[in-house]
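The file start29.txt comes next; it holds compact mmCIF, C-alpha atoms.
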```
# COMPACT_ATOMS: atom_id res chain seq x y z
CA MET A 17 114.38 69.85 143.19
CA THR A 18 113.42 70.20 139.52
CA ALA A 19 109.92 71.02 138.29
CA PRO A 20 109.29 67.43 137.00
CA ASP A 21 110.41 66.03 140.36
CA THR A 22 108.04 68.40 142.15
CA ALA A 23 105.15 67.43 139.87
CA ALA A 24 105.85 63.71 140.36
CA ARG A 25 105.96 64.17 144.11
CA THR A 26 102.67 66.07 143.98
CA TRP A 27 100.94 63.30 142.02
CA ARG A 28 102.37 60.54 144.28
CA VAL A 29 100.24 61.80 147.15
CA PHE A 30 97.28 60.10 145.45
CA LEU A 31 99.00 56.72 145.95
CA HIS A 32 99.00 57.04 149.73
CA PRO A 33 97.19 53.92 151.11
CA ARG A 34 94.74 55.95 153.19
CA VAL A 35 94.05 58.23 150.22
CA LEU A 36 93.23 55.23 148.04
CA GLY A 37 90.99 53.82 150.75
CA MET A 38 88.86 56.96 150.67
CA LEU A 39 87.67 55.98 147.18
CA PHE A 40 85.28 53.38 148.60
CA LEU A 41 84.19 55.44 151.57
CA GLY A 42 83.50 58.32 149.20
CA PHE A 43 81.35 55.96 147.12
CA SER A 44 79.43 54.94 150.22
CA ALA A 45 78.82 58.58 151.15
CA GLY A 46 77.79 59.74 147.67
CA LEU A 47 75.33 56.98 146.78
CA PRO A 48 72.27 58.14 148.79
CA LEU A 49 72.38 61.84 147.93
CA PRO A 50 70.79 61.81 144.43
CA LEU A 51 68.18 59.34 145.67
CA VAL A 52 66.65 62.06 147.86
CA PHE A 53 67.49 65.00 145.56
CA ALA A 54 68.13 64.92 141.79
CA THR A 55 66.98 61.37 141.05
CA LEU A 56 63.99 61.73 143.34
CA SER A 57 63.03 65.03 141.67
CA ALA A 58 63.06 63.27 138.27
CA TRP A 59 60.84 60.52 139.69
CA LEU A 60 58.43 63.13 141.08
CA ALA A 61 58.42 65.08 137.82
CA THR A 62 57.55 62.00 135.75
CA ALA A 63 54.81 61.17 138.28
CA GLY A 64 53.16 64.55 137.64
CA VAL A 65 54.04 66.24 140.94
CA SER A 66 54.01 70.07 140.71
CA LYS A 67 57.24 72.07 140.53
CA ALA A 68 56.40 73.89 143.76
CA THR A 69 56.04 70.57 145.60
CA ILE A 70 59.22 69.16 144.03
CA GLY A 71 61.07 72.24 145.22
CA MET A 72 59.87 71.72 148.79
CA PHE A 73 61.46 68.26 148.79
CA ALA A 74 64.76 70.17 149.01
CA TRP A 75 63.87 70.71 152.67
CA ILE A 76 64.62 67.03 153.25
CA GLY A 77 68.22 68.17 152.79
CA ILE A 78 67.94 70.13 156.04
CA THR A 79 68.41 66.73 157.69
CA TYR A 80 72.04 66.90 156.50
CA SER A 81 72.28 70.44 157.81
CA LEU A 82 71.12 69.42 161.29
CA LYS A 83 73.44 66.46 161.65
CA PHE A 84 75.66 68.40 164.03
CA THR A 85 72.89 67.98 166.64
CA TRP A 86 73.48 64.24 166.90
CA ALA A 87 77.13 64.25 165.82
CA PRO A 88 78.36 64.42 169.46
CA PHE A 89 76.58 61.13 170.18
CA VAL A 90 78.04 59.49 167.07
CA ASP A 91 81.44 60.92 167.97
CA ARG A 92 81.48 59.71 171.56
CA LEU A 93 78.94 56.96 172.23
CA SER A 94 80.01 53.33 172.04
CA LEU A 95 77.82 50.72 170.32
CA THR A 96 79.05 48.12 172.85
CA LEU A 97 79.47 44.80 171.05
CA LEU A 98 79.92 46.33 167.58
CA ASP A 99 82.41 48.79 169.01
CA ARG A 100 84.50 45.96 170.42
CA LEU A 101 84.37 44.07 167.11
CA LEU A 102 84.89 46.93 164.65
CA GLY A 103 85.84 50.08 166.55
CA ARG A 104 83.74 53.20 167.05
CA ARG A 105 84.00 54.69 163.53
CA ARG A 106 83.41 51.43 161.68
CA SER A 107 80.51 50.31 163.90
CA TRP A 108 78.61 53.56 163.38
CA MET A 109 79.24 53.35 159.63
CA LEU A 110 77.74 49.86 159.52
CA VAL A 111 74.62 50.82 161.49
CA ALA A 112 74.01 53.80 159.17
CA GLN A 113 74.43 51.63 156.07
CA LEU A 114 71.94 49.03 157.30
CA GLY A 115 69.48 51.87 157.84
CA LEU A 116 70.05 52.98 154.24
CA VAL A 117 69.33 49.52 152.86
CA ALA A 118 66.05 49.24 154.79
CA ALA A 119 64.82 52.74 153.84
CA LEU A 120 65.69 52.39 150.14
CA LEU A 121 63.97 49.01 149.87
CA ALA A 122 60.85 50.47 151.47
CA MET A 123 61.03 53.48 149.15
CA SER A 124 61.18 51.20 146.10
CA GLY A 125 57.69 49.94 146.95
CA ALA A 126 56.12 53.42 147.29
CA ASP A 127 54.25 55.40 144.63
CA PRO A 128 54.55 59.22 144.70
CA ALA A 129 51.45 59.62 142.54
CA SER A 130 49.20 57.98 145.15
CA ASP A 131 51.12 58.35 148.43
CA LEU A 132 53.46 61.32 148.26
CA GLY A 133 53.54 61.60 152.06
CA LEU A 134 54.98 58.09 152.46
CA VAL A 135 57.66 58.84 149.85
CA ALA A 136 58.59 61.98 151.78
CA TRP A 137 58.93 60.12 155.11
CA LEU A 138 61.01 57.35 153.56
CA ALA A 139 63.24 59.91 151.82
CA LEU A 140 63.71 61.52 155.22
CA ALA A 141 64.80 58.15 156.64
CA VAL A 142 67.31 57.76 153.81
CA ALA A 143 68.63 61.27 154.47
CA PHE A 144 68.98 60.64 158.23
CA SER A 145 70.90 57.39 157.71
CA SER A 146 73.05 59.03 155.03
CA ALA A 147 73.82 62.05 157.22
CA THR A 148 74.82 59.76 160.11
CA GLN A 149 77.16 57.89 157.78
CA ASP A 150 78.63 61.22 156.62
CA ILE A 151 79.44 62.20 160.21
CA VAL A 152 81.52 59.08 160.71
CA ILE A 153 83.24 59.08 157.31
CA ASP A 154 84.22 62.73 157.65
CA ALA A 155 85.72 62.01 161.07
CA TYR A 156 87.60 59.00 159.69
CA ARG A 157 88.93 61.03 156.75
CA ILE A 158 90.30 63.78 158.96
CA GLU A 159 91.77 61.43 161.56
CA ALA A 160 93.38 59.06 159.06
CA VAL A 161 96.17 61.31 157.69
CA GLN A 162 98.19 64.42 158.44
CA ALA A 163 97.17 67.90 157.26
CA GLU A 164 99.35 68.00 154.13
CA VAL A 165 97.58 64.95 152.70
CA GLN A 166 94.07 66.29 153.31
CA GLY A 167 93.84 67.85 149.84
CA ALA A 168 94.46 64.48 148.21
CA MET A 169 92.07 62.80 150.66
CA ALA A 170 89.40 65.30 149.67
CA ALA A 171 90.05 64.73 145.95
CA THR A 172 89.88 60.93 146.27
CA TYR A 173 86.79 61.22 148.44
CA GLN A 174 85.23 63.36 145.72
CA PHE A 175 86.21 60.76 143.11
CA GLY A 176 84.43 57.95 144.94
CA TYR A 177 81.56 60.26 145.83
CA ARG A 178 81.04 61.19 142.19
CA VAL A 179 81.26 57.59 141.00
CA ALA A 180 78.46 56.79 143.43
CA MET A 181 76.43 59.79 142.27
CA LEU A 182 76.88 58.54 138.71
CA ALA A 183 75.46 55.19 139.77
CA SER A 184 72.50 56.62 141.69
CA GLY A 185 72.03 59.44 139.17
CA ALA A 186 72.62 58.14 135.64
CA GLY A 187 72.33 54.49 136.63
CA ALA A 188 68.99 54.97 138.35
CA LEU A 189 67.63 57.00 135.42
CA PHE A 190 68.67 54.34 132.90
CA ILE A 191 67.07 51.61 135.00
CA ALA A 192 63.89 53.65 135.46
CA ASP A 193 63.69 54.33 131.71
CA LEU A 194 64.22 50.67 130.81
CA TRP A 195 62.24 49.03 133.65
CA SER A 196 60.75 51.04 136.52
CA TRP A 197 61.52 53.41 139.36
CA SER A 198 60.93 50.55 141.78
CA ALA A 199 63.67 48.50 140.12
CA ALA A 200 65.98 51.52 140.18
CA TYR A 201 65.67 52.02 143.94
CA ARG A 202 66.06 48.30 144.65
CA ALA A 203 69.28 48.32 142.64
CA MET A 204 70.55 51.30 144.62
CA ALA A 205 69.79 49.48 147.89
CA ALA A 206 71.97 46.61 146.65
CA LEU A 207 74.85 49.02 145.91
CA VAL A 208 74.92 50.08 149.56
CA LEU A 209 76.63 46.71 150.12
CA VAL A 210 79.80 48.27 148.65
CA GLY A 211 79.92 50.46 151.75
CA VAL A 212 79.19 47.53 154.04
CA ALA A 213 82.08 45.54 152.51
CA THR A 214 84.40 48.53 152.89
CA VAL A 215 83.61 48.86 156.58
CA LEU A 216 84.53 45.21 157.11
CA VAL A 217 88.00 45.52 155.51
CA ILE A 218 89.33 48.96 156.49
CA ASP A 219 91.26 49.61 159.71
CA GLU A 220 90.01 51.79 162.53
CA PRO A 221 91.97 55.10 162.63
CA VAL A 222 94.17 55.99 165.56
CA SER A 223 92.25 58.94 166.98
CA GLN A 224 94.00 61.83 168.69
CA ARG A 225 91.15 63.18 170.72
CA ALA A 226 90.62 64.90 174.02
CA GLY A 227 90.51 62.53 176.93
CA HIS A 228 87.15 60.83 177.35
CA SER A 229 86.80 61.98 180.90
CA THR A 230 84.45 60.06 183.12
CA ALA A 231 83.29 60.79 186.60
CA GLY A 232 84.41 58.61 189.43
CA SER A 233 82.49 55.58 190.49
CA ARG A 234 80.75 57.57 193.21
CA ALA A 235 79.42 60.19 190.79
CA SER A 236 75.69 60.16 190.21
CA SER A 237 74.15 59.46 186.79
CA VAL A 238 73.20 63.15 186.51
CA GLU A 239 76.78 64.22 187.22
CA ARG A 240 78.16 61.79 184.65
CA LEU A 241 75.64 62.96 182.05
CA THR A 242 76.43 66.62 182.76
CA LEU A 243 80.15 65.99 182.43
CA TRP A 244 79.63 64.05 179.19
CA LEU A 245 77.50 66.82 177.67
CA ALA A 246 80.07 69.45 178.64
CA THR A 247 82.85 67.44 177.00
CA ALA A 248 81.10 66.05 173.92
CA VAL A 249 78.51 68.72 173.06
CA VAL A 250 79.62 72.09 174.43
CA GLY A 251 83.34 71.44 174.08
CA PRO A 252 83.53 71.33 170.25
CA PHE A 253 81.72 74.66 169.83
CA ALA A 254 83.60 76.38 172.65
CA ASP A 255 86.88 75.15 171.17
CA PHE A 256 86.14 76.64 167.74
CA PHE A 257 85.24 80.08 169.12
CA ARG A 258 88.17 80.02 171.54
CA ARG A 259 90.62 79.36 168.71
CA ASN A 260 89.15 81.92 166.28
CA GLY A 261 87.52 84.62 168.40
CA GLY A 262 85.43 87.16 166.48
CA TRP A 263 86.77 85.83 163.17
CA ALA A 264 84.67 82.71 163.81
CA ILE A 265 81.51 84.65 162.88
CA VAL A 266 82.97 85.55 159.48
CA LEU A 267 84.03 81.94 158.93
CA LEU A 268 80.55 80.63 159.72
CA GLY A 269 78.97 83.16 157.35
CA PHE A 270 81.39 82.14 154.61
CA ILE A 271 80.67 78.45 155.12
CA ALA A 272 76.90 79.06 155.04
CA SER A 273 77.04 81.01 151.76
CA TYR A 274 79.64 79.09 149.72
CA ARG A 275 77.27 76.57 148.10
CA ILE A 276 74.00 78.54 148.00
CA SER A 277 74.07 79.10 144.23
CA ASP A 278 74.75 75.44 143.49
CA LEU A 279 72.09 74.13 145.89
CA ILE A 280 69.37 76.46 144.62
CA LEU A 281 69.95 75.28 141.04
CA GLY A 282 70.47 71.60 141.83
CA VAL A 283 66.99 70.82 143.13
CA MET A 284 65.33 71.93 139.87
CA ALA A 285 67.91 70.66 137.35
CA ASN A 286 66.21 67.38 136.42
CA PRO A 287 62.70 68.89 136.28
CA PHE A 288 64.20 71.55 133.99
CA TYR A 289 65.72 68.97 131.63
CA ILE A 290 62.44 67.04 131.50
CA ASP A 291 60.36 70.21 131.08
CA ILE A 292 62.27 71.46 128.02
CA GLY A 293 62.14 68.10 126.28
CA PHE A 294 65.07 65.83 127.18
CA SER A 295 64.38 62.12 127.84
CA LEU A 296 65.53 60.27 130.96
CA SER A 297 68.14 58.40 128.92
CA GLN A 298 69.49 61.63 127.41
CA ILE A 299 69.70 63.19 130.87
CA ALA A 300 71.51 60.11 132.17
CA ALA A 301 73.94 59.93 129.24
CA ILE A 302 74.92 63.60 129.09
CA ALA A 303 74.01 65.30 132.36
CA LYS A 304 75.30 62.36 134.40
CA VAL A 305 77.75 60.13 132.48
CA PHE A 306 79.48 62.73 130.27
CA GLY A 307 79.52 65.28 133.06
CA PHE A 308 81.10 62.74 135.36
CA GLY A 309 84.45 62.99 133.59
CA MET A 310 84.44 66.76 133.94
CA THR A 311 83.62 66.46 137.63
CA LEU A 312 86.57 64.14 138.16
CA LEU A 313 88.84 66.52 136.28
CA GLY A 314 87.61 69.40 138.41
CA ALA A 315 88.11 67.40 141.62
CA ALA A 316 91.66 66.44 140.62
CA LEU A 317 92.49 70.04 139.70
CA GLY A 318 91.09 71.13 143.04
CA GLY A 319 93.30 68.64 144.89
CA LEU A 320 96.37 69.83 142.96
CA ALA A 321 95.46 73.47 143.57
CA VAL A 322 95.33 72.85 147.33
CA ALA A 323 98.66 71.01 147.24
CA ARG A 324 100.24 73.83 145.21
CA TYR A 325 98.61 76.99 146.62
CA GLY A 326 97.26 75.97 150.03
CA VAL A 327 93.69 75.61 151.28
CA THR A 328 92.51 79.24 151.06
CA ARG A 329 93.56 80.76 147.72
CA PRO A 330 91.71 78.23 145.49
CA LEU A 331 88.44 79.07 147.29
CA VAL A 332 88.06 82.24 145.22
CA GLY A 333 88.33 80.38 141.93
CA GLY A 334 85.81 77.79 143.09
CA ALA A 335 83.22 80.41 144.05
CA LEU A 336 83.66 82.26 140.74
CA LEU A 337 83.33 79.08 138.69
CA VAL A 338 80.14 77.90 140.41
CA ALA A 339 78.30 81.22 140.06
CA SER A 340 79.38 81.92 136.47
CA THR A 341 78.70 78.45 135.05
CA ASN A 342 75.12 78.63 136.31
CA LEU A 343 74.53 81.32 133.67
CA LEU A 344 74.94 78.67 130.98
CA PHE A 345 71.67 77.09 132.08
CA ALA A 346 69.88 80.33 131.19
CA TRP A 347 71.35 80.04 127.69
CA LEU A 348 70.20 76.42 127.45
CA ALA A 349 66.69 77.46 128.51
CA ASN A 350 66.60 79.94 125.61
CA GLN A 351 67.92 77.46 123.05
CA GLY A 352 65.71 74.49 123.89
CA PRO A 353 66.59 70.76 123.96
CA GLN A 354 69.84 70.88 121.97
CA LEU A 355 72.25 68.13 122.98
CA SER A 356 75.37 70.10 122.04
CA ILE A 357 74.44 73.01 124.32
CA LEU A 358 73.46 70.62 127.10
CA THR A 359 76.87 68.95 126.78
CA LEU A 360 78.72 72.27 127.03
CA THR A 361 76.62 73.44 129.95
CA ILE A 362 77.03 70.21 131.90
CA SER A 363 80.77 70.08 131.21
CA ALA A 364 81.38 73.56 132.60
CA ASP A 365 79.01 73.12 135.54
CA ASN A 366 80.48 69.79 136.64
CA LEU A 367 84.07 71.01 136.27
CA ALA A 368 83.21 73.91 138.56
CA ALA A 369 81.40 71.65 141.06
CA GLY A 370 84.31 69.19 141.25
CA PHE A 371 86.92 71.91 141.74
CA ALA A 372 84.88 73.88 144.29
CA GLY A 373 83.89 70.75 146.18
CA THR A 374 87.46 69.57 146.66
CA VAL A 375 88.94 72.91 147.73
CA PHE A 376 86.04 73.60 150.09
CA ILE A 377 86.25 70.18 151.77
CA ALA A 378 89.99 70.65 152.25
CA TYR A 379 89.37 74.09 153.78
CA LEU A 380 86.68 72.81 156.15
CA SER A 381 89.01 70.01 157.22
CA SER A 382 91.67 72.57 158.10
CA LEU A 383 89.25 74.30 160.48
CA THR A 384 88.63 71.29 162.69
CA SER A 385 90.40 70.39 165.92
CA VAL A 386 91.50 66.75 166.19
CA ALA A 387 89.99 66.74 169.68
CA TYR A 388 86.47 67.18 168.26
CA THR A 389 86.78 66.00 164.68
CA ALA A 390 83.32 64.57 163.99
CA THR A 391 81.26 67.22 165.77
CA GLN A 392 83.09 70.24 164.38
CA TYR A 393 83.16 68.96 160.82
CA ALA A 394 79.48 68.04 161.08
CA LEU A 395 78.76 71.62 162.17
CA PHE A 396 80.69 73.07 159.23
CA SER A 397 79.14 70.76 156.63
CA ALA A 398 75.70 71.43 158.13
CA LEU A 399 76.13 75.18 157.76
CA MET A 400 77.40 74.56 154.22
CA THR A 401 73.97 73.25 153.17
CA LEU A 402 71.44 74.67 155.66
CA LEU A 403 70.78 78.06 154.09
CA GLY A 404 71.04 76.76 150.52
CA ASN A 405 68.59 73.92 151.15
CA PHE A 406 66.13 76.24 152.89
CA ILE A 407 66.18 78.79 150.05
CA GLY A 408 66.21 75.95 147.49
CA GLY A 409 62.89 74.72 148.85
CA PHE A 410 61.28 77.76 147.22
CA SER A 411 62.95 77.15 143.84
CA GLY A 412 59.85 75.56 142.32
CA ARG A 413 57.76 78.56 143.33
CA VAL A 414 60.30 80.91 141.74
CA VAL A 415 60.07 78.96 138.46
CA GLU A 416 56.27 78.90 138.51
CA ALA A 417 56.16 82.65 139.25
CA SER A 418 58.62 83.57 136.45
CA ASP A 419 60.41 81.37 133.92
CA TRP A 420 63.49 79.17 133.63
CA VAL A 421 65.81 81.96 132.38
CA SER A 422 64.92 84.24 135.28
CA PHE A 423 65.39 81.38 137.72
CA PHE A 424 68.93 80.62 136.52
CA LEU A 425 69.91 84.30 136.62
CA TYR A 426 68.62 84.39 140.19
CA ALA A 427 70.56 81.23 141.11
CA SER A 428 73.78 82.68 139.70
CA ALA A 429 73.33 86.00 141.52
CA MET A 430 72.97 84.14 144.82
CA GLY A 431 76.63 83.15 144.46
CA ILE A 432 77.92 86.73 144.74
CA PRO A 433 78.20 86.74 148.58
CA ALA A 434 80.32 83.58 148.41
CA ILE A 435 82.71 85.22 145.94
CA LEU A 436 83.15 88.30 148.12
CA LEU A 437 83.62 86.33 151.33
CA SER A 438 86.08 83.93 149.70
CA VAL A 439 88.30 86.91 148.84
CA VAL A 440 88.20 88.01 152.48
CA VAL A 441 89.01 84.50 153.73
CA ALA A 442 91.83 84.04 151.21
CA ARG A 443 93.45 87.31 152.33
CA ARG A 444 93.23 86.27 155.96
CA GLY A 445 94.89 82.91 155.30
CA VAL A 446 94.58 79.64 157.20
CA ALA A 447 92.44 79.82 160.32
CA LYS A 448 93.79 78.69 163.68
```
For this file, produce the structure as structure tokens.
Amino acid sequence: MTAPDTAARTWRVFLHPRVLGMLFLGFSAGLPLPLVFATLSAWLATAGVSKATIGMFAWIGITYSLKFTWAPFVDRLSLTLLDRLLGRRRSWMLVAQLGLVAALLAMSGADPASDLGLVAWLALAVAFSSATQDIVIDAYRIEAVQAEVQGAMAATYQFGYRVAMLASGAGALFIADLWSWSAAYRAMAALVLVGVATVLVIDEPVSQRAGHSTAGSRASSVERLTLWLATAVVGPFADFFRRNGGWAIVLLGFIASYRISDLILGVMANPFYIDIGFSLSQIAAIAKVFGFGMTLLGAALGGLAVARYGVTRPLVGGALLVASTNLLFAWLANQGPQLSILTLTISADNLAAGFAGTVFIAYLSSLTSVAYTATQYALFSALMTLLGNFIGGFSGRVVEASDWVSFFLYASAMGIPAILLSVVVARRGVAK
């Protein structure tokens, strides 16, 4: 087969029907995230909330990190009537999306200047509904296609995810600048209907899972509950350690460290832009809209890298890109509010984020067993953010105790463990 034929075949993977369908599910998954992180931090900054307090809002992200605790219930429990009408994956998606609509509408009526506690509780409700939706979408994505198409699925997922983040990032900032933060959050609640419509038109995947064993009719309720917990809760974790042995500890450490640098920086990005003199519209136009194209390019390159080199080798490049591009923010802090430098910084940072996000999602997908798709992937994605979100909660204190340049140097240095561990993982190859 000639090189052009190989390239054409590589690109055709993005036309797979299931791959195309992930565009809309990715949008549904990506929409809520900025509304409890970057966009919310801009709202808090304009309301006069201190940097230390804004930083602590990163701890809301721990909700995403703990989603593995209720993933077994989402993975195995039936929602009775909805389950019969839509199937297990689609019914759980719909319930999570209705929760998002309710929480975002309530959030649109809150005022962080006078009732910061209420804003925090509502943001937590958004995060919980969003994390529940993530559990189901991740399971659907992994179950929908075979392993060789997972790289393209991850890239298309990232595409839809980033489109949604553009809407709830740049779109919300534009609306807030032109009208109000209340109008911005109401508009975002309306966009959740894209996810609702998607759930109603997609097909339920054919799941290859371990038998849903049930006790006989004579078994007591306690016996049935014990058997269910052993199968749905203990089983996924036991399976992972059984397949990987001692190497599982290294894998979990790698997963926990891969995104630390990015998460530490992300929570303070919008407060940084506002603090050095950029307007909300400038942030939306450059940091969100212009950077969006670079993120898509990075995500596509990541998908192609996985298709060409496998799921482990591109991890090293992703870790290097994320840590090194964070240094550009230190340069921007020294130069002040110059649009050209902001454009360069955002371009490099978003290219790195898109590439690293795609290759890492593809790698995490390769670690899961089809018998416990939702629970295992929820565990991996939880570890991916837990440590970074916890450390990121202190980001505002770091800034207040030093300066922006020192903070960005610190954020970049926190990516060194991920670089070293990615080399180890790449040398080991694909896990069992």
Residue contacts of segment 182-199 of chain A (7 Å, all atoms listed in the file) excluding same-chain residues fewer than 4 positions away, as a list in words: Leu47, Pro50, Leu51, Thr55, Ser124, Gly125, Arg178, Ala203, Met204, Leu296, Ser297, Ala300, Ala301, Lys304, Val305 and Phe308 of chain A
Would you write out those residues with C-alpha atoms, as a compact mmCIF listing (two decimals), in the frame of the given file?
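Wrote out-v6.txt, looks like this:
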```txt
# COMPACT_ATOMS: atom_id res chain seq x y z
CA LEU A 47 75.33 56.98 146.78
CA PRO A 50 70.79 61.81 144.43
CA LEU A 51 68.18 59.34 145.67
CA THR A 55 66.98 61.37 141.05
CA SER A 124 61.18 51.20 146.10
CA GLY A 125 57.69 49.94 146.95
CA ARG A 178 81.04 61.19 142.19
CA ALA A 203 69.28 48.32 142.64
CA MET A 204 70.55 51.30 144.62
CA LEU A 296 65.53 60.27 130.96
CA SER A 297 68.14 58.40 128.92
CA ALA A 300 71.51 60.11 132.17
CA ALA A 301 73.94 59.93 129.24
CA LYS A 304 75.30 62.36 134.40
CA VAL A 305 77.75 60.13 132.48
CA PHE A 308 81.10 62.74 135.36
```
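You can rank A:Ala272, A:Val283, A:Ala378, A:Ile290 by their closest distance to Val327 of chain A using all atoms listed in the file, and at the top of that list sits A:Ala378.
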Spatial neighbours of segment 26-40 of chain A, max dist 6 Å, all atoms listed in the file, sep filter under 4 positions, as an MDAnalysis selection string: chainID A and resid 168:169 172:173 176
Surrounding residues of Phe410 of chain A excluding itself and chain neighbours under 4 positions, 12 Å, all atoms listed in the file, as an NGL selection string: :A and (67-75 or 279-281 or 283-284 or 403-406 or 414-417 or 423 or 427)
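The interatomic distance for the pair atom CA of Ala143 of chain A and atom CA of Ala315 of chain A works out to 24.1 Å.
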Atom CA of Ala45 of chain A to atom CA of Asp127 of chain A, straight-line distance in Å: 25.6 Å
Counting all atoms listed in the file, the residue of A:Val332, A:Leu110, A:Val90, A:Ala58 that sits nearest Pro128 of chain A: A:Ala58
Nearest candidate to Ala205 of chain A (options A:Ser94, A:Ser295, A:Ser44, A:Ser273; using all atoms listed in the file):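 Counting all atoms listed in the file, the residue closest to Ala205 of chain A is A:Ser44.
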Shortest interatomic distance to Asp154 of chain A - which of A:Leu402, A:Ile218, A:Ile265, A:Ala87, counting all atoms listed in the file: A:Ala87
Selected residue, from A:Val212, A:Leu399, A:Leu134, A:Ala349, that lies nearest to Ala285 of chain A when counting all atoms listed in the file: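 For Ala285 of chain A, the nearest of the given residues is A:Ala349.
The coordinates place atom CA of Thr85 of chain A at 20.4 Å from atom CA of Phe270 of chain A.
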Nearest to Leu337 of chain A, chosen from A:Gly370, A:Pro433, A:Gly307, A:Gly64, with only C-alpha atoms counted in the distances: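 The answer is A:Gly370, which sits nearest to Leu337 of chain A.
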Spatial neighbours of Met400 of chain A, max dist 6 Å, all atoms listed in the file, sep filter under 2 positions, as number ranges by chain: A: 271-272, 397-398
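Residues in contact with Phe345 of chain A at 7 Å, where all atoms listed in the file are counted and same-chain residues fewer than 3 positions away are skipped, are listed as Asn342, Leu348, Ala349, Thr361 and Phe424 of chain A.
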Neighbour residues at most 9 Å from (73.9, 64.1, 164.8) (all atoms listed in the file) as a list in words: Tyr80, Leu82, Lys83, Phe84, Thr85, Trp86, Ala87, Pro88, Phe89, Val90, Asp91, Phe144, Ala147, Thr148, Ile151, Thr391 and Ala394 of chain A
Centre and edges of the segment 101-115 of chain A box, axis-aligned, 4 Å extra per side, as lines of an AutoDock Vina configuration file:
```
center_x = 77.7
center_y = 49.4
center_z = 161.6
size_x = 24.4
size_y = 18.6
size_z = 19.0
```
Since the input lacks some atoms of segment 63-78 of chain A, please model N, CA and C atoms and print them as an mmCIF file, in the frame of the given file.
```cif
data_model
loop_
_atom_site.group_PDB
_atom_site.id
_atom_site.type_symbol
_atom_site.label_atom_id
_atom_site.label_comp_id
_atom_site.auth_asym_id
_atom_site.auth_seq_id
_atom_site.Cartn_x
_atom_site.Cartn_y
_atom_site.Cartn_z
ATOM 1 N N ALA A 63 56.057 61.592 137.651
ATOM 2 C CA ALA A 63 54.810 61.170 138.280
ATOM 3 C C ALA A 63 53.763 62.280 138.281
ATOM 4 N N GLY A 64 54.121 63.449 137.745
ATOM 5 C CA GLY A 64 53.160 64.550 137.640
ATOM 6 C C GLY A 64 53.080 65.445 138.862
ATOM 7 N N VAL A 65 54.025 65.373 139.758
ATOM 8 C CA VAL A 65 54.040 66.240 140.940
ATOM 9 C C VAL A 65 54.403 67.662 140.510
ATOM 10 N N SER A 66 53.778 68.672 141.109
ATOM 11 C CA SER A 66 54.010 70.070 140.710
ATOM 12 C C SER A 66 55.426 70.519 141.030
ATOM 13 N N LYS A 67 55.893 71.536 140.296
ATOM 14 C CA LYS A 67 57.240 72.070 140.530
ATOM 15 C C LYS A 67 57.381 72.644 141.928
ATOM 16 N N ALA A 68 56.342 73.313 142.420
ATOM 17 C CA ALA A 68 56.400 73.890 143.760
ATOM 18 C C ALA A 68 56.604 72.796 144.817
ATOM 19 N N THR A 69 55.903 71.682 144.650
ATOM 20 C CA THR A 69 56.040 70.570 145.600
ATOM 21 C C THR A 69 57.411 69.914 145.471
ATOM 22 N N ILE A 70 57.890 69.734 144.236
ATOM 23 C CA ILE A 70 59.220 69.160 144.030
ATOM 24 C C ILE A 70 60.271 70.030 144.718
ATOM 25 N N GLY A 71 60.128 71.338 144.576
ATOM 26 C CA GLY A 71 61.070 72.240 145.220
ATOM 27 C C GLY A 71 61.095 72.071 146.724
ATOM 28 N N MET A 72 59.934 71.868 147.338
ATOM 29 C CA MET A 72 59.870 71.720 148.790
ATOM 30 C C MET A 72 60.545 70.448 149.282
ATOM 31 N N PHE A 73 60.720 69.465 148.393
ATOM 32 C CA PHE A 73 61.460 68.260 148.790
ATOM 33 C C PHE A 73 62.917 68.581 149.100
ATOM 34 N N ALA A 74 63.397 69.756 148.655
ATOM 35 C CA ALA A 74 64.760 70.170 149.010
ATOM 36 C C ALA A 74 64.907 70.316 150.514
ATOM 37 N N TRP A 75 63.802 70.546 151.218
ATOM 38 C CA TRP A 75 63.870 70.710 152.670
ATOM 39 C C TRP A 75 64.259 69.412 153.374
ATOM 40 N N ILE A 76 64.115 68.279 152.685
ATOM 41 C CA ILE A 76 64.620 67.030 153.250
ATOM 42 C C ILE A 76 66.125 67.153 153.490
ATOM 43 N N GLY A 77 66.782 67.953 152.645
ATOM 44 C CA GLY A 77 68.220 68.170 152.790
ATOM 45 C C GLY A 77 68.598 68.858 154.080
ATOM 46 N N ILE A 78 67.639 69.495 154.755
ATOM 47 C CA ILE A 78 67.940 70.130 156.040
ATOM 48 C C ILE A 78 68.354 69.078 157.057
#
```
